[in-house]
Structures are given as structure tokens and as C-alpha cells.
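Q: Below is coords.pdb; it holds PDB, C-alpha atoms, pLDDT in the B column.
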```pdb
ATOM      1  CA  MET A   1      -2.763 105.634 -95.006  1.00 89.00           C
ATOM      2  CA  TYR A   2      -5.129 103.605 -92.847  1.00 96.00           C
ATOM      3  CA  LEU A   3      -6.418 106.765 -91.204  1.00 97.00           C
ATOM      4  CA  LEU A   4      -7.221 108.274 -94.606  1.00 97.00           C
ATOM      5  CA  ILE A   5      -9.108 105.172 -95.691  1.00 97.00           C
ATOM      6  CA  LEU A   6     -11.020 105.175 -92.405  1.00 97.00           C
ATOM      7  CA  GLY A   7     -11.793 108.891 -92.773  1.00 97.00           C
ATOM      8  CA  ILE A   8     -13.039 108.508 -96.340  1.00 97.00           C
ATOM      9  CA  GLY A   9     -15.175 105.525 -95.353  1.00 97.00           C
ATOM     10  CA  LEU A  10     -16.720 107.342 -92.399  1.00 96.00           C
ATOM     11  CA  MET A  11     -17.295 110.453 -94.490  1.00 97.00           C
ATOM     12  CA  LEU A  12     -19.136 108.476 -97.161  1.00 96.00           C
ATOM     13  CA  LEU A  13     -21.223 106.643 -94.557  1.00 96.00           C
ATOM     14  CA  LYS A  14     -22.138 109.956 -92.927  1.00 96.00           C
ATOM     15  CA  TYR A  15     -22.936 111.644 -96.246  1.00 95.00           C
ATOM     16  CA  PHE A  16     -25.201 108.813 -97.395  1.00 96.00           C
ATOM     17  CA  GLU A  17     -26.621 108.420 -93.860  1.00 95.00           C
ATOM     18  CA  ILE A  18     -25.802 104.735 -93.524  1.00 94.00           C
ATOM     19  CA  GLY A  19     -25.734 102.904 -90.196  1.00 94.00           C
ATOM     20  CA  PHE A  20     -24.809 104.368 -86.849  1.00 95.00           C
ATOM     21  CA  VAL A  21     -22.429 106.843 -88.508  1.00 94.00           C
ATOM     22  CA  ALA A  22     -25.419 108.927 -89.613  1.00 94.00           C
ATOM     23  CA  GLU A  23     -26.009 109.767 -85.945  1.00 95.00           C
ATOM     24  CA  LEU A  24     -22.410 110.826 -85.276  1.00 95.00           C
ATOM     25  CA  SER A  25     -21.233 114.413 -85.278  1.00 95.00           C
ATOM     26  CA  TRP A  26     -19.163 115.581 -88.238  1.00 95.00           C
ATOM     27  CA  LEU A  27     -16.354 116.240 -85.761  1.00 96.00           C
ATOM     28  CA  TRP A  28     -16.061 112.502 -85.028  1.00 96.00           C
ATOM     29  CA  VAL A  29     -16.359 111.612 -88.701  1.00 96.00           C
ATOM     30  CA  LEU A  30     -13.552 113.970 -89.763  1.00 96.00           C
ATOM     31  CA  ALA A  31     -11.272 113.183 -86.807  1.00 97.00           C
ATOM     32  CA  PRO A  32      -9.233 110.521 -88.710  1.00 97.00           C
ATOM     33  CA  PHE A  33      -8.105 113.218 -91.162  1.00 98.00           C
ATOM     34  CA  GLY A  34      -6.748 115.312 -88.290  1.00 97.00           C
ATOM     35  CA  LEU A  35      -5.027 112.258 -86.853  1.00 97.00           C
ATOM     36  CA  ALA A  36      -3.460 111.524 -90.263  1.00 97.00           C
ATOM     37  CA  VAL A  37      -2.062 115.067 -90.414  1.00 97.00           C
ATOM     38  CA  ALA A  38      -0.658 114.695 -86.890  1.00 97.00           C
ATOM     39  CA  TRP A  39       0.919 111.342 -87.800  1.00 95.00           C
ATOM     40  CA  TRP A  40       2.581 112.764 -90.930  1.00 94.00           C
ATOM     41  CA  ALA A  41       3.875 115.777 -89.005  1.00 95.00           C
ATOM     42  CA  TRP A  42       5.389 113.506 -86.349  1.00 94.00           C
ATOM     43  CA  ALA A  43       6.827 111.071 -88.907  1.00 92.00           C
ATOM     44  CA  ASP A  44       8.520 113.871 -90.845  1.00 91.00           C
ATOM     45  CA  THR A  45       9.935 115.710 -87.840  1.00 93.00           C
ATOM     46  CA  SER A  46      11.192 112.595 -86.065  1.00 95.00           C
ATOM     47  CA  GLY A  47      12.927 111.215 -89.171  1.00 93.00           C
ATOM     48  CA  TYR A  48      10.773 108.079 -89.249  1.00 93.00           C
ATOM     49  CA  THR A  49       9.912 108.532 -92.921  1.00 89.00           C
ATOM     50  CA  LYS A  50      13.526 109.079 -93.968  1.00 91.00           C
ATOM     51  CA  ARG A  51      14.727 106.110 -91.898  1.00 93.00           C
ATOM     52  CA  LYS A  52      12.172 103.775 -93.469  1.00 93.00           C
ATOM     53  CA  ALA A  53      13.123 104.966 -96.974  1.00 94.00           C
ATOM     54  CA  MET A  54      16.807 104.343 -96.246  1.00 96.00           C
ATOM     55  CA  GLU A  55      16.085 100.866 -94.862  1.00 97.00           C
ATOM     56  CA  LYS A  56      14.157 100.037 -98.034  1.00 96.00           C
ATOM     57  CA  MET A  57      17.033 101.248-100.239  1.00 97.00           C
ATOM     58  CA  ASP A  58      19.562  99.268 -98.187  1.00 97.00           C
ATOM     59  CA  GLN A  59      17.474  96.110 -98.552  1.00 97.00           C
ATOM     60  CA  LYS A  60      17.227  96.597-102.325  1.00 97.00           C
ATOM     61  CA  LYS A  61      21.002  97.069-102.498  1.00 97.00           C
ATOM     62  CA  LYS A  62      21.596  93.916-100.445  1.00 95.00           C
ATOM     63  CA  ASP A  63      19.194  91.894-102.612  1.00 95.00           C
ATOM     64  CA  ARG A  64      20.843  93.168-105.790  1.00 95.00           C
ATOM     65  CA  LEU A  65      24.329  92.227-104.527  1.00 93.00           C
ATOM     66  CA  GLU A  66      23.149  88.759-103.498  1.00 92.00           C
ATOM     67  CA  LYS A  67      21.554  88.242-106.916  1.00 93.00           C
ATOM     68  CA  GLN A  68      24.785  89.262-108.658  1.00 93.00           C
ATOM     69  CA  ARG A  69      26.838  86.951-106.435  1.00 91.00           C
ATOM     70  CA  ALA A  70      24.503  84.072-107.206  1.00 91.00           C
ATOM     71  CA  ALA A  71      24.761  84.794-110.932  1.00 92.00           C
ATOM     72  CA  LEU A  72      28.575  84.636-110.656  1.00 91.00           C
ATOM     73  CA  GLY A  73      28.423  81.409-108.692  1.00 89.00           C
ATOM     74  CA  ILE A  74      29.782  82.910-105.480  1.00 87.00           C
ATOM     75  CA  LYS A  75      28.309  81.389-102.338  1.00 80.00           C
ATOM     76  CA  PRO A  76      26.419  83.784-100.048  1.00 72.00           C
ATOM     77  CA  ARG A  77      28.262  85.032 -96.983  1.00 68.00           C
ATOM     78  CA  ARG A  78      27.522  83.331 -93.679  1.00 71.00           C
ATOM     79  CA  ARG A  79      27.714  85.385 -90.498  1.00 66.00           C
TER      80      ARG A  79
END
```
Now, as a test, write the supplied structure out as C-alpha cells.
A:
Amino acid sequence: MYLLILGIGLMLLKYFEIGFVAELSWLWVLAPFGLAVAWWAWADTSGYTKRKAMEKMDQKKKDRLEKQRAALGIKPRRR
């Protein structure tokens, strides 16, 4: 996501010829988009994206169980 924001910002600066970015080649300005594609390809093939989604679901499940236990008056487990 950060690479996309950087790419859009650089592209706008280049298009409107603002600052030092106006002097840069379009190849340098568009490079963050290529890096974002490479990152997404790696994240999908390595399972990083799926692992993060599962961790988020597990945390939501844990929070929901703790909330239900607190509503029933059951003390939280200590480990």
C-alpha cells in the first residue's frame, strides 16, 4: 500500500513538474508500481497474505470469547 501511495505521489509530482521529481526519468517515477506488483506476487506465493488473514481471524475469535466470558462473569484464563 505504501508503494502505491509513493508511486501516485511521484507520478503527480512528475506530471505537474514540481520539485526535483520533474527532472527524474519516468522509469524512476513508475518504479514503485513495479515494486508493489513484485511485493504482492511474493506475498501471495509465500502465503504471507493468507497467514496474516488467519492471524487476524484468530485474534477476533479470541477477543470475542474473552468478551463472552467477561459477560458471564468468568475470570480470564491465566497462563
Q: Using the chain letters and numbering of this document, enumerate as a compact mmCIF listing (two decimals) with C-alpha atoms, keeping the file's coordinate frame the residues selected by the PyMOL selection byres ((chain A and resi 1) around 10).
A:
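Output file selection_0.txt is given in full below:
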```
# COMPACT_ATOMS: atom_id res chain seq x y z
CA TYR A 2 -5.13 103.60 -92.85
CA LEU A 3 -6.42 106.76 -91.20
CA LEU A 4 -7.22 108.27 -94.61
CA ILE A 5 -9.11 105.17 -95.69
CA LEU A 6 -11.02 105.18 -92.40
CA GLY A 7 -11.79 108.89 -92.77
CA ALA A 36 -3.46 111.52 -90.26
CA TRP A 39 0.92 111.34 -87.80
CA TRP A 40 2.58 112.76 -90.93
```
Q: Can you turn the PyMOL selection byres ((chain A and resi 10) around 12) into a concrete residue list for this file, as a PyMOL selection string?
A: chain A and resi 3-9+11-33
Q: So how far away is CA of Arg64 (chain A) from CA of Arg51 (chain A), in Å?
A: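 About the pair CA of Arg51 (chain A) and CA of Arg64 (chain A): they are 19.9 Å apart.
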Q: Distance CA of Thr49 (chain A)-CA of Leu65 (chain A), one decimal place?
A: 24.7 Å
Q: I'd like the interatomic distance between CA of Lys61 (chain A) and CA of Tyr48 (chain A), to a tenth of an Å.
A: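 Answer for the CA of Lys61 (chain A) to CA of Tyr48 (chain A) separation: 20.0 Å.
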Q: Given 5 Å on each side, where is the centre and what are the edge lengths in Å to one decimal of the axis-aligned box enclosing the listed atoms of region 37-40 of chain A, as lines of an AutoDock Vina configuration file?
A:
```
center_x = 0.3
center_y = 113.2
center_z = -88.9
size_x = 14.6
size_y = 13.7
size_z = 14.0
```
Q: Can you fill out region 55-66 of chain A with N, CA and C atoms and hand it back as a CSV table (one decimal), in the coordinates of the input?
A:
```csv
chain,number,residue,atom,x,y,z
A,55,GLU,N,16.1,102.3,-95.1
A,55,GLU,CA,16.1,100.9,-94.9
A,55,GLU,C,15.6,100.1,-96.1
A,56,LYS,N,14.7,100.7,-96.8
A,56,LYS,CA,14.2,100.0,-98.0
A,56,LYS,C,15.2,100.0,-99.1
A,57,MET,N,16.0,101.2,-99.2
A,57,MET,CA,17.0,101.2,-100.2
A,57,MET,C,18.2,100.3,-99.9
A,58,ASP,N,18.5,100.2,-98.6
A,58,ASP,CA,19.6,99.3,-98.2
A,58,ASP,C,19.2,97.8,-98.5
A,59,GLN,N,17.9,97.5,-98.3
A,59,GLN,CA,17.5,96.1,-98.6
A,59,GLN,C,17.5,95.8,-100.1
A,60,LYS,N,17.1,96.8,-100.9
A,60,LYS,CA,17.2,96.6,-102.3
A,60,LYS,C,18.7,96.4,-102.8
A,61,LYS,N,19.6,97.2,-102.2
A,61,LYS,CA,21.0,97.1,-102.5
A,61,LYS,C,21.5,95.7,-102.1
A,62,LYS,N,21.2,95.2,-100.9
A,62,LYS,CA,21.6,93.9,-100.4
A,62,LYS,C,21.1,92.8,-101.4
A,63,ASP,N,19.8,92.9,-101.7
A,63,ASP,CA,19.2,91.9,-102.6
A,63,ASP,C,19.9,91.9,-104.0
A,64,ARG,N,20.2,93.1,-104.5
A,64,ARG,CA,20.8,93.2,-105.8
A,64,ARG,C,22.2,92.5,-105.7
A,65,LEU,N,23.0,92.8,-104.7
A,65,LEU,CA,24.3,92.2,-104.5
A,65,LEU,C,24.3,90.7,-104.4
A,66,GLU,N,23.3,90.2,-103.6
A,66,GLU,CA,23.1,88.8,-103.5
A,66,GLU,C,22.8,88.1,-104.8
```
